[in-house]
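Reading through the structure tokens given below for one structure.
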Amino acid sequence: MASRHTARGASSKSKAMVYFGFLIVGLFIAWAPARAAAADATTTTTTTSGVPAAPNTSFSKPPPPPSGWIRARASWYGTPRPFVDVFAPSRGGGMSAFGILEWGGCGYTNADGSMPFDKGEVSSYADANPDFPGSCGRCYEVKCVPGIVLGRNDEAVQYGNWYYFPEHGNAVDDMNRTFPGNPAEKDGYVYVKCWDPERSVRVHVVDICPCWYSPKGQEPYEQPSCCFKNSSNPRSGQHEMDLSFWVYEQLAHPMYPEMMLNIRPVDCYSGAALSTSPGYINRDTLYDNMVTTGWSWFPYMTPTHNFNVTAPGWGLGGSAAACAEVSPGGGMTWWCRGCYREGYQPFNGATSISFWLRDRYNPGNVPPLKVVVAQQEDDTYCPGEAYLTSISPSARGQDGWIQWTLPFDSTWNCGKMTPTRDKIGFQSVGSANTWFCLDDLKISHEQGGAAASAPTKK
């Protein structure tokens with residue numbers, strides 16, 4: 001959840017009780033240091049020769065993006081060694097010097113610190129971006145745009161505002177490529193030379209870049225790069241992504257502190273372009289082998305450190321499942337961030353919710369769980385609660401799997417609150433640890449709800 005800007009994604013924990021589970025078990029790694037004060041300083045800078053920079057650059061701005069694409073800007077985060085060690089005299093070293101990929105704001109991390117996605121295909125996304133709601137798990141196709149790095153009002157931003165250390169320009173990336181240079185350095189700006197402007201990379205969003213970061217025990221402070229147009233800082237004003245170092249270096253040399261991008265949301269499997277307004281979310285399936293587009297996943301109160309967002313072979317028919325061993329009062333939640341807003345609202349019009357569960361301690365027994373529906377942002381819950389030990393299952397499958405199909409309105413009694421609900425949680429009500437797996441979590445919006453079916457997987 002940490003990034004090059006500061007600790008990316010951490011602000012969301014201020015409102016998310018599900019984060020407390022990670023905190024309780026001590027699985028959150030120490031956050032990256034806050035951005036150096038110089039990064040928030042005035043835009044006044046000097047060139048390497050000590051001559052005051054020009055008030056503007058003579059280089060032209062990048063052309064607007066093609067139809068169906070969004071203009072954005074990217075930095076990078078991760079801990080590539082030995083690359084970050086080169087910057088130790090200027091920035092400081094260590095595993096969190098430029099942020100860490102694991103334990104991001106979308107919860108896609110297993111107890112052993114592994115993630116279901118390769119480090120060369122992940123990114124964070126700023127919470128002030130217009131299409132931020134439901135961005136967890138969404139895929140974007142990204143391309144480097146050669147030219148000047150822009151900020152507020154599409155004006156060039158002087159490099160004193162970025163993590164730009166030209167004195168370390170001899171650093172090579174993981175592919176042993178040298179820095180191709182910054183033609184605008186004499187003017188005090190950053191001009192990016194892309195390796196190949198036509199190359200694109202598909203990334204999964206696994207983390208959050210908060211406009212306002214709320215570190216534990218500290219006062220919230222602004223991260224203007226992630227604030228879109230909600231800040232007057234020269235570094236604001238752009239869609240912002242934090243690409244992993246290993247994505248970033250596929251597009252441009254990581255000596256460039258930021259680069260301009262053309263991005264568009266795409267299907268994670270086919271690569272087909274999706275709607276940019278509003279951003280795409282999966283309103284029907286929340287989990288099927290993996291958390292689906294739009295949803296974050298968090299277990300909480302996991303004292304034995306047994307949890308997996310994708311446990312291979314533990315799902316229906318030998319597929320993957322989301323599993324966690326939780327103490328009394330612990331559980332797991334799915335949250336579509338910001339999806340209480342119009343255009344998203346996954347529970348609006350819901351007729352039923354269906355899912356398969358398996359108690360790993362006692363396969364075939366009904367696990368002692370209750371199911372709740374809420375809005376995470378304001379921490380309000382629908383009055384109804386579904387206690388599974390009091391409700392007849394819809395179907396039973398092999399290996400102890402049990403399905404429930406619950407009518408939405410009569411089970412949770414959300415009433416007028418329904419459109420703004422964006423979270424569903426499964427919480428243990430037992431007196432001992434509960435270790436359960438969940439698969440095929442779905443919302444039906446069809447008249448009559450989802451029908452029970454045998455446990456089959458593709």
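We label chains A, B, ... in the order they appear in the structure tokens, count residues from 1 in each chain, and number ligands from 1 in the order shown.
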Query raised in the report: Residues at most 12 Å from stretch 173-179 of chain A, counting only C-alpha atoms, excluding those fewer than 5 positions away in the same chain, as number ranges by chain?
Result: A: 79-86, 120, 165-168, 192-195, 245-257
Limited to C-alpha atoms, could you put the picked residues into a file as an mmCIF file, in the first residue's frame?
data_model
loop_
_atom_site.group_PDB
_atom_site.id
_atom_site.type_symbol
_atom_site.label_atom_id
_atom_site.label_comp_id
_atom_site.auth_asym_id
_atom_site.auth_seq_id
_atom_site.Cartn_x
_atom_site.Cartn_y
_atom_site.Cartn_z
ATOM 1 C CA THR A 79 11.621 -1.721 -4.386
ATOM 2 C CA PRO A 80 13.844 -2.775 -7.284
ATOM 3 C CA ARG A 81 17.359 -3.457 -6.041
ATOM 4 C CA PRO A 82 19.987 -2.357 -6.903
ATOM 5 C CA PHE A 83 18.244 0.518 -8.744
ATOM 6 C CA VAL A 84 16.896 2.241 -5.608
ATOM 7 C CA ASP A 85 20.258 1.869 -3.875
ATOM 8 C CA VAL A 86 21.723 4.347 -6.366
ATOM 9 C CA GLY A 120 4.946 -6.345 -14.087
ATOM 10 C CA PHE A 165 17.812 13.260 -9.213
ATOM 11 C CA PRO A 166 19.850 14.042 -12.347
ATOM 12 C CA GLU A 167 23.046 13.539 -10.334
ATOM 13 C CA HIS A 168 22.206 9.816 -10.411
ATOM 14 C CA VAL A 192 10.220 12.024 -21.337
ATOM 15 C CA LYS A 193 11.627 9.920 -24.155
ATOM 16 C CA CYS A 194 9.446 6.798 -24.382
ATOM 17 C CA TRP A 195 11.074 3.538 -25.384
ATOM 18 C CA PHE A 245 8.480 -0.081 -11.361
ATOM 19 C CA TRP A 246 8.360 -3.163 -13.584
ATOM 20 C CA VAL A 247 5.493 -1.750 -15.653
ATOM 21 C CA TYR A 248 7.014 1.714 -15.781
ATOM 22 C CA GLU A 249 10.363 0.535 -17.112
ATOM 23 C CA GLN A 250 8.605 -1.212 -20.002
ATOM 24 C CA LEU A 251 7.453 2.219 -21.195
ATOM 25 C CA ALA A 252 10.240 4.622 -20.185
ATOM 26 C CA HIS A 253 13.366 4.762 -18.065
ATOM 27 C CA PRO A 254 12.601 5.022 -14.323
ATOM 28 C CA MET A 255 15.006 7.962 -13.976
ATOM 29 C CA TYR A 256 12.061 9.992 -15.277
ATOM 30 C CA PRO A 257 10.056 10.724 -12.127
#
Requested in this report: Please give the complete set of residues from stretch 197-421 of chain A that DSSP, run on the backbone, assigns to alpha helix (DSSP H), formatted as a count of residues only.
Outcome: 12
Requested in this report: Using DSSP on the backbone coordinates, identify all residues within stretch 276-375 of chain A classified as strand (DSSP E or B); present the result as a PyMOL selection string.
Outcome: chain A and resi 285-287+291+296-300+307-311+321-326+331-335+352-359+369-375
Query - Who sits within 7 Å of A:Gly151, only C-alpha atoms, same chain under 5 positions skipped, as a PyMOL selection string - result: chain A and resi 156-157+234-238
Query raised in the report: Which is closer to A:Ser114 than all the others in A:Asp267, A:Thr310, A:Phe132, A:Pro220, using only C-alpha atoms?
Result: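 Answer, going by the shortest atom-to-atom distance: A:Thr310.
If you measure from each of A:Glu446, A:Asp242, A:Glu121, A:Asp112 to A:Phe98 using only C-alpha atoms, the closest one turns out to be A:Asp242.
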May I have a table of the residues of stretch 203-289 of chain A lying at most 12 Å from stretch 322-342 of chain A, giving each one's closest pair of atoms and their distance in Å to one decimal, counting only C-alpha atoms, ordered by chain and ascending residue number, as CSV?
residue,atom,partner,partner_atom,distance
A:Asp207,CA,A:Arg337,CA,11.4
A:Ile208,CA,A:Arg337,CA,10.0
A:Ser277,CA,A:Glu342,CA,11.1
A:Pro278,CA,A:Glu342,CA,8.8
A:Gly279,CA,A:Cys339,CA,10.1
A:Tyr280,CA,A:Cys339,CA,10.8
A:Ile281,CA,A:Cys336,CA,8.4
A:Asn282,CA,A:Cys336,CA,9.5
A:Arg283,CA,A:Cys336,CA,9.6
A:Thr285,CA,A:Trp334,CA,11.2
A:Leu286,CA,A:Trp334,CA,7.6
A:Tyr287,CA,A:Ala322,CA,8.1
A:Asp288,CA,A:Ala322,CA,9.1
A:Asn289,CA,A:Ala322,CA,7.9
For the selection you just gave me, I'd like the residues written to a file as a tab-separated table (two decimals), in the first residue's frame, keeping N, CA and C atoms.
chain	number	residue	atom	x	y	z
A	207	ASP	N	-4.12	-1.06	-5.86
A	207	ASP	CA	-3.83	-0.15	-4.75
A	207	ASP	C	-4.50	1.20	-5.01
A	208	ILE	N	-4.48	2.04	-4.00
A	208	ILE	CA	-5.13	3.35	-4.02
A	208	ILE	C	-4.09	4.44	-3.76
A	277	SER	N	-16.93	6.20	-18.85
A	277	SER	CA	-17.80	7.00	-17.99
A	277	SER	C	-19.18	6.35	-17.90
A	278	PRO	N	-19.56	5.80	-16.75
A	278	PRO	CA	-18.69	5.64	-15.58
A	278	PRO	C	-17.74	4.47	-15.77
A	279	GLY	N	-16.82	4.31	-14.86
A	279	GLY	CA	-15.90	3.20	-14.97
A	279	GLY	C	-16.62	1.87	-14.82
A	280	TYR	N	-16.14	0.85	-15.51
A	280	TYR	CA	-16.79	-0.45	-15.49
A	280	TYR	C	-16.61	-1.14	-14.15
A	281	ILE	N	-17.68	-1.77	-13.64
A	281	ILE	CA	-17.61	-2.68	-12.50
A	281	ILE	C	-18.46	-3.90	-12.82
A	282	ASN	N	-18.17	-5.00	-12.17
A	282	ASN	CA	-18.98	-6.20	-12.31
A	282	ASN	C	-20.08	-6.15	-11.27
A	283	ARG	N	-21.31	-5.93	-11.70
A	283	ARG	CA	-22.44	-5.82	-10.78
A	283	ARG	C	-23.05	-7.18	-10.45
A	285	THR	N	-21.19	-10.58	-10.51
A	285	THR	CA	-20.32	-11.57	-9.86
A	285	THR	C	-19.23	-10.84	-9.09
A	286	LEU	N	-19.12	-11.13	-7.80
A	286	LEU	CA	-18.12	-10.49	-6.96
A	286	LEU	C	-16.89	-11.38	-6.79
A	287	TYR	N	-17.10	-12.70	-6.85
A	287	TYR	CA	-15.97	-13.62	-6.75
A	287	TYR	C	-16.26	-14.86	-7.57
A	288	ASP	N	-15.27	-15.23	-8.40
A	288	ASP	CA	-15.31	-16.47	-9.17
A	288	ASP	C	-13.87	-16.80	-9.55
A	289	ASN	N	-13.20	-17.60	-8.74
A	289	ASN	CA	-11.77	-17.88	-8.85
A	289	ASN	C	-10.90	-16.72	-8.39
Show which residues sit within 10 Å of A:Val206, as a compact mmCIF listing (two decimals) with C-alpha atoms, in the first residue's frame. Count only C-alpha atoms, and ignore same-chain residues fewer than 6 positions away.
# COMPACT_ATOMS: atom_id res chain seq x y z
CA MET A 1 0.00 0.00 0.00
CA GLY A 9 -3.71 3.60 -0.31
CA LEU A 101 3.57 -3.35 -3.92
CA GLU A 102 2.19 -5.76 -1.34
CA TRP A 103 -0.66 -5.03 1.08
CA GLY A 104 -2.33 -2.57 -1.28
CA GLY A 105 -5.63 -0.81 -0.80
CA CYS A 106 -7.56 -3.47 -2.74
CA GLY A 107 -6.58 -6.37 -0.49
CA TYR A 108 -5.22 -8.70 -3.16
CA THR A 109 -2.52 -10.22 -0.96
CA MET A 115 -0.24 -11.56 -4.92
CA PHE A 117 -0.83 -10.78 -10.28
CA GLU A 121 1.20 -5.89 -14.51
CA VAL A 122 -0.04 -3.90 -11.48
CA SER A 123 -0.77 -0.29 -10.62
CA SER A 124 -2.43 1.99 -8.10
CA TYR A 125 -5.12 4.52 -9.01
CA SER A 135 -11.32 0.82 -9.77
CA CYS A 136 -10.00 -2.08 -7.67
CA GLY A 137 -9.35 -4.98 -9.99
CA ARG A 138 -10.09 -2.90 -13.07
CA CYS A 139 -7.67 -3.24 -15.95
CA SER A 296 -11.70 -5.11 -2.99
I'd like the neighbourhood of A:Ala273 as a PDB file with C-alpha atoms, in the first residue's frame, where a residue qualifies if any of its atoms comes within 12 Å (using only C-alpha atoms), though same-chain residues fewer than 5 positions away should be ignored.
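As written to disk, part_38.pdb reads:
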ATOM      1  CA  SER A  67     -10.906   9.080 -28.984  1.00  0.00           C
ATOM      2  CA  GLY A  68     -11.765   6.563 -26.254  1.00  0.00           C
ATOM      3  CA  TRP A  69      -8.547   7.209 -24.350  1.00  0.00           C
ATOM      4  CA  ARG A 138     -10.086  -2.904 -13.070  1.00  0.00           C
ATOM      5  CA  CYS A 139      -7.665  -3.244 -15.955  1.00  0.00           C
ATOM      6  CA  TYR A 140      -6.240  -0.383 -17.981  1.00  0.00           C
ATOM      7  CA  GLU A 141      -4.250  -0.365 -21.159  1.00  0.00           C
ATOM      8  CA  VAL A 142      -1.501   2.223 -20.779  1.00  0.00           C
ATOM      9  CA  ARG A 202      -2.260  -3.972 -19.519  1.00  0.00           C
ATOM     10  CA  ILE A 263      -4.963   5.086 -20.794  1.00  0.00           C
ATOM     11  CA  ARG A 264      -8.266   3.314 -21.324  1.00  0.00           C
ATOM     12  CA  PRO A 265     -10.191   0.726 -19.298  1.00  0.00           C
ATOM     13  CA  VAL A 266     -10.217  -2.707 -20.912  1.00  0.00           C
ATOM     14  CA  ASP A 267     -11.499  -6.183 -20.212  1.00  0.00           C
ATOM     15  CA  CYS A 268      -8.880  -7.955 -18.118  1.00  0.00           C
ATOM     16  CA  GLY A 279     -15.900   3.195 -14.970  1.00  0.00           C
ATOM     17  CA  TYR A 280     -16.794  -0.452 -15.492  1.00  0.00           C
TER      18      TYR A 280
END
Query - Nearest residue to A:Met290 from the set A:Lys61, A:Ala311, A:Thr389, A:Lys442 (distances using only C-alpha atoms) - result: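 Ranking A:Lys61, A:Ala311, A:Thr389, A:Lys442 by distance to A:Met290, first place goes to A:Ala311.
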Query raised in the report: Hey, can you check how far atom CA of A:Asp440 sits from atom CA of A:Ala320?
Result: 10.1 Å
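Comparing the minimum interatomic distances between A:Arg396 and each of A:Ala126, A:Ala374, A:Val366, A:Cys382, counting only C-alpha atoms, we find that A:Val366 sits nearest.
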Requested in this report: Please indicate the distance in Å from atom CA of A:Pro210 to atom CA of A:Asn348, rounded to one decimal place.
Outcome: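 We find that atom CA of A:Pro210 and atom CA of A:Asn348 lie 26.8 Å from each other.
Our summary of the geometry notes that atom CA of A:Tyr189 is positioned 9.5 Å from atom CA of A:Asn161.
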